[in-house]
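Take a look at the structure set out below.
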Amino acid sequence: MYRDVSSCNTYNYGDALYWDARYIQEGGSFDWYQRYSALRPFVRNFIPLSSRILMVGCGNADLQMDVRDMSLFPDESFDGVIDKGTLDSLMCGTDAPISASQMLAEVCRLLKPGGTYILITYGDPTVRMPHLSRPVFNWKIMLYNIPRPGFQKPESSTPSRKSYLEPIPLSEKGLLPADFVLEDPDSHFIYVCKKINDTEIDTIPTYQLTADVL
Ligand SMILES: C[S@@+](CC[C@H](N)C(=O)[O-])C[C@H]1O[C@@H](n2cnc3c(N)ncnc32)[C@H](O)[C@@H]1O
């Protein structure tokens, strides 16, 4: 199992006290990673409107709990769970693999069959797939990659690969294709993890994302 320290820098991202202090110090609210406009196609295409959605790790939320123990909620109570940077924070903590496993087990427990976990993260498949692809979760995983907001491609760069709404084909080992090039080295990966039943395994369609969703 990999320990992912790629985006931990020198801050204590894995420490709850760090976040408490930061939210008090900075106040207000701010967008981490991506704006909703960039994420909307993913949310709208994979999580039906009017469904129950849990956003984990929102520092200024009314309801605060540790994502490693969300026993306040009963099993299968959400259609979607959205995580922007929370697993990343846990991966900076001292017991990162254990914390990740606890959090993901809770996410899986809370999802209804057919529900979707959307993970927005700096972690590429080498550091995220070992956690996400555990057979016990039985998730069908699709991977996307989007540049950070405002990223400008260098003029000298070759024409871009397909739209960021196209899933990236994963290798048999769940890794990026050998010829995959990150246009933006600080881009974000989006893992769309659909909780399936055994009976669904062969019938899950390949999703075609569209940008024109509301
Ligand atoms: C990079 S910030 C992202 C915040 C928010 N998800 C967003 O997108 O704006 C990481 C968040 O993870 C939260 N976090 C870290 N460890 C947590 C834990 N064990 N349980 C719940 N939240 C946690 C922090 O409080 C912080 O709000």
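Residue names in the structure tokens use chain letters A, B, ... in the order shown, residue numbers from 1 in each chain, and ligand numbers from 1 in the order shown.
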
**OP:** Using only C-alpha atoms and all ligand atoms, find each residue with an atom at most 7 Å away from ligand 1 and format the answer as a PyMOL selection string.
**Re:** chain A and resi 13-16+19-20+30-33+56-59+65-68+83-86+89-90

Subject >> Sel. of helix (DSSP H, G or I) residues, region 6-211 of chain A, as JSON, numbers by chain >> reply: {"A": [16, 17, 18, 19, 20, 21, 22, 23, 24, 25, 26, 36, 37, 38, 39, 40, 41, 42, 43, 44, 45, 46, 86, 87, 88, 89, 90, 96, 97, 98, 99, 100, 101, 102, 103, 104, 105, 106, 107, 108, 109, 110, 125, 126, 127, 128, 129, 130, 131, 132, 198, 199, 200]}

Restricting the output to N, CA and C atoms, write the selected residues as a short mmCIF file (atom, residue, chain, number, x, y, z; two decimals), in the first residue's frame.
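result.cif written:
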data_model
loop_
_atom_site.label_atom_id
_atom_site.label_comp_id
_atom_site.auth_asym_id
_atom_site.auth_seq_id
_atom_site.Cartn_x
_atom_site.Cartn_y
_atom_site.Cartn_z
N ALA A 16 -6.72 17.31 12.43
CA ALA A 16 -7.99 18.04 12.56
C ALA A 16 -7.76 19.41 13.18
N LEU A 17 -6.83 19.52 14.12
CA LEU A 17 -6.59 20.80 14.78
C LEU A 17 -6.09 21.86 13.79
N TYR A 18 -5.31 21.40 12.83
CA TYR A 18 -4.82 22.32 11.79
C TYR A 18 -6.01 22.95 11.07
N TRP A 19 -6.99 22.12 10.70
CA TRP A 19 -8.14 22.62 9.95
C TRP A 19 -9.01 23.52 10.82
N ASP A 20 -9.22 23.12 12.08
CA ASP A 20 -10.03 23.96 12.99
C ASP A 20 -9.41 25.36 13.07
N ALA A 21 -8.08 25.39 13.27
CA ALA A 21 -7.39 26.68 13.42
C ALA A 21 -7.48 27.48 12.13
N ARG A 22 -7.34 26.79 11.01
CA ARG A 22 -7.34 27.51 9.72
C ARG A 22 -8.71 28.10 9.42
N TYR A 23 -9.76 27.35 9.72
CA TYR A 23 -11.10 27.88 9.45
C TYR A 23 -11.40 29.07 10.36
N ILE A 24 -10.92 29.02 11.60
CA ILE A 24 -11.14 30.17 12.50
C ILE A 24 -10.35 31.37 11.99
N GLN A 25 -9.11 31.12 11.60
CA GLN A 25 -8.22 32.21 11.17
C GLN A 25 -8.72 32.86 9.87
N GLU A 26 -9.11 32.03 8.91
CA GLU A 26 -9.45 32.59 7.59
C GLU A 26 -10.92 32.97 7.49
N TYR A 36 -17.45 24.84 -8.67
CA TYR A 36 -18.57 23.93 -8.95
C TYR A 36 -18.86 23.85 -10.45
N SER A 37 -18.66 24.97 -11.18
CA SER A 37 -18.98 24.95 -12.61
C SER A 37 -18.21 23.84 -13.34
N ALA A 38 -16.99 23.60 -12.93
CA ALA A 38 -16.19 22.55 -13.58
C ALA A 38 -16.64 21.16 -13.15
N LEU A 39 -17.17 21.06 -11.95
CA LEU A 39 -17.56 19.75 -11.42
C LEU A 39 -19.00 19.38 -11.76
N ARG A 40 -19.75 20.40 -12.15
CA ARG A 40 -21.18 20.18 -12.36
C ARG A 40 -21.49 19.03 -13.32
N PRO A 41 -20.79 18.90 -14.47
CA PRO A 41 -21.12 17.77 -15.35
C PRO A 41 -20.99 16.42 -14.65
N PHE A 42 -20.02 16.31 -13.78
CA PHE A 42 -19.82 15.03 -13.08
C PHE A 42 -20.93 14.79 -12.08
N VAL A 43 -21.25 15.82 -11.32
CA VAL A 43 -22.29 15.67 -10.30
C VAL A 43 -23.63 15.39 -10.97
N ARG A 44 -23.94 16.19 -12.00
CA ARG A 44 -25.25 16.06 -12.63
C ARG A 44 -25.41 14.74 -13.40
N ASN A 45 -24.33 14.28 -14.02
CA ASN A 45 -24.44 13.05 -14.80
C ASN A 45 -24.46 11.80 -13.95
N PHE A 46 -23.82 11.86 -12.81
CA PHE A 46 -23.68 10.63 -12.05
C PHE A 46 -24.54 10.57 -10.80
N THR A 86 -10.90 15.69 0.94
CA THR A 86 -10.94 15.15 2.31
C THR A 86 -10.08 13.89 2.44
N LEU A 87 -10.25 12.97 1.50
CA LEU A 87 -9.36 11.80 1.52
C LEU A 87 -7.90 12.27 1.41
N ASP A 88 -7.69 13.28 0.59
CA ASP A 88 -6.32 13.82 0.46
C ASP A 88 -5.77 14.26 1.81
N SER A 89 -6.64 14.90 2.62
CA SER A 89 -6.18 15.34 3.94
C SER A 89 -5.81 14.14 4.81
N LEU A 90 -6.68 13.14 4.79
CA LEU A 90 -6.39 11.96 5.62
C LEU A 90 -5.08 11.29 5.19
N ALA A 96 -2.26 7.12 7.74
CA ALA A 96 -2.97 7.37 6.50
C ALA A 96 -3.69 6.13 5.93
N PRO A 97 -3.03 5.00 5.75
CA PRO A 97 -3.73 3.87 5.12
C PRO A 97 -4.91 3.39 5.95
N ILE A 98 -4.76 3.43 7.28
CA ILE A 98 -5.86 2.99 8.15
C ILE A 98 -7.02 3.99 8.06
N SER A 99 -6.68 5.27 8.12
CA SER A 99 -7.72 6.30 8.03
C SER A 99 -8.46 6.22 6.70
N ALA A 100 -7.70 6.03 5.62
CA ALA A 100 -8.33 5.94 4.29
C ALA A 100 -9.28 4.75 4.24
N SER A 101 -8.82 3.65 4.78
CA SER A 101 -9.64 2.44 4.75
C SER A 101 -10.92 2.64 5.58
N GLN A 102 -10.78 3.30 6.72
CA GLN A 102 -11.97 3.55 7.57
C GLN A 102 -12.94 4.49 6.86
N MET A 103 -12.40 5.54 6.29
CA MET A 103 -13.28 6.51 5.61
C MET A 103 -14.00 5.85 4.44
N LEU A 104 -13.26 5.13 3.60
CA LEU A 104 -13.87 4.55 2.40
C LEU A 104 -14.88 3.47 2.77
N ALA A 105 -14.62 2.75 3.85
CA ALA A 105 -15.60 1.76 4.31
C ALA A 105 -16.89 2.45 4.74
N GLU A 106 -16.75 3.59 5.38
CA GLU A 106 -17.93 4.35 5.79
C GLU A 106 -18.69 4.89 4.57
N VAL A 107 -17.95 5.41 3.60
CA VAL A 107 -18.59 5.91 2.38
C VAL A 107 -19.37 4.78 1.71
N CYS A 108 -18.74 3.64 1.61
CA CYS A 108 -19.39 2.49 0.95
C CYS A 108 -20.64 2.07 1.73
N ARG A 109 -20.53 2.06 3.02
CA ARG A 109 -21.68 1.68 3.85
C ARG A 109 -22.84 2.64 3.66
N LEU A 110 -22.54 3.92 3.54
CA LEU A 110 -23.59 4.94 3.44
C LEU A 110 -24.26 5.01 2.07
N PRO A 125 -3.66 7.44 -9.95
CA PRO A 125 -4.07 6.07 -9.65
C PRO A 125 -3.07 5.22 -8.86
N THR A 126 -1.78 5.55 -8.96
CA THR A 126 -0.83 4.73 -8.19
C THR A 126 -1.08 4.84 -6.70
N VAL A 127 -1.57 6.00 -6.26
CA VAL A 127 -1.77 6.20 -4.82
C VAL A 127 -3.24 6.15 -4.39
N ARG A 128 -4.16 6.14 -5.33
CA ARG A 128 -5.57 6.08 -4.95
C ARG A 128 -6.20 4.72 -5.27
N MET A 129 -5.82 4.11 -6.37
CA MET A 129 -6.47 2.85 -6.74
C MET A 129 -6.25 1.74 -5.72
N PRO A 130 -5.10 1.65 -5.06
CA PRO A 130 -4.96 0.59 -4.05
C PRO A 130 -6.02 0.70 -2.96
N HIS A 131 -6.48 1.91 -2.69
CA HIS A 131 -7.52 2.10 -1.67
C HIS A 131 -8.92 1.90 -2.25
N LEU A 132 -9.12 2.42 -3.45
CA LEU A 132 -10.48 2.43 -4.01
C LEU A 132 -10.89 1.09 -4.60
N ASP A 198 -23.59 -7.49 -7.33
CA ASP A 198 -22.93 -8.55 -8.11
C ASP A 198 -23.65 -8.77 -9.44
N THR A 199 -24.96 -8.69 -9.42
CA THR A 199 -25.74 -8.98 -10.63
C THR A 199 -25.55 -7.92 -11.71
N GLU A 200 -25.06 -6.76 -11.33
CA GLU A 200 -24.93 -5.66 -12.29
C GLU A 200 -23.59 -5.66 -13.00
#

Original post:
With only C-alpha atoms as the basis for distance, which of A:Gln152, A:Ser157, A:Asn138, A:Ser163 is at the shortest distance from Lys195 (chain A)?
Top reply: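 That would be A:Asn138, the residue with the smallest distance to Lys195 (chain A).
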
Subject >> Nearest-residue call for Pro48 (chain A), choices A:Thr116, A:Ser7, A:Ser77, A:Gln64, using only C-alpha atoms >> reply: A:Thr116

**OP:** One decimal, Å: what's the distance from CA of Pro147 (chain A) over to CA of Leu54 (chain A), could you say?
**Re:** 24.6 Å

Spatial neighbours of Leu170 (chain A), 9 Å, only C-alpha atoms, chain gap at least 5 places, as a PDB file with N, CA, C and O atoms, in the first residue's frame:
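Wrote it out as around.pdb, contents follow:
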ATOM      1  N   PRO A 125      -3.656   7.443  -9.946  1.00  0.00           N
ATOM      2  CA  PRO A 125      -4.075   6.068  -9.648  1.00  0.00           C
ATOM      3  C   PRO A 125      -3.068   5.223  -8.863  1.00  0.00           C
ATOM      4  O   PRO A 125      -3.468   4.294  -8.157  1.00  0.00           O
ATOM      5  N   MET A 142     -14.496   4.949 -12.659  1.00  0.00           N
ATOM      6  CA  MET A 142     -14.107   5.664 -13.875  1.00  0.00           C
ATOM      7  C   MET A 142     -13.245   6.856 -13.469  1.00  0.00           C
ATOM      8  O   MET A 142     -13.514   7.497 -12.444  1.00  0.00           O
ATOM      9  N   LEU A 143     -12.244   7.125 -14.276  1.00  0.00           N
ATOM     10  CA  LEU A 143     -11.276   8.164 -13.926  1.00  0.00           C
ATOM     11  C   LEU A 143     -11.306   9.307 -14.943  1.00  0.00           C
ATOM     12  O   LEU A 143     -11.376   9.068 -16.157  1.00  0.00           O
ATOM     13  N   LEU A 175      -3.962   1.457 -13.590  1.00  0.00           N
ATOM     14  CA  LEU A 175      -3.034   2.593 -13.677  1.00  0.00           C
ATOM     15  C   LEU A 175      -3.314   3.410 -14.934  1.00  0.00           C
ATOM     16  O   LEU A 175      -4.068   2.977 -15.821  1.00  0.00           O
ATOM     17  N   LEU A 176      -2.682   4.587 -15.006  1.00  0.00           N
ATOM     18  CA  LEU A 176      -2.823   5.415 -16.198  1.00  0.00           C
ATOM     19  C   LEU A 176      -2.183   4.708 -17.382  1.00  0.00           C
ATOM     20  O   LEU A 176      -1.190   3.971 -17.217  1.00  0.00           O
ATOM     21  N   PRO A 177      -2.701   4.948 -18.587  1.00  0.00           N
ATOM     22  CA  PRO A 177      -2.035   4.385 -19.764  1.00  0.00           C
ATOM     23  C   PRO A 177      -0.590   4.879 -19.837  1.00  0.00           C
ATOM     24  O   PRO A 177      -0.296   6.011 -19.428  1.00  0.00           O
TER      25      PRO A 177
END

Subject >> Nearest residue to Cys92 (chain A) from the set A:Glu172, A:Ala178, A:Asn12, A:Asp184 (distances using only C-alpha atoms) >> reply: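 That would be A:Asn12, the residue with the smallest distance to Cys92 (chain A).
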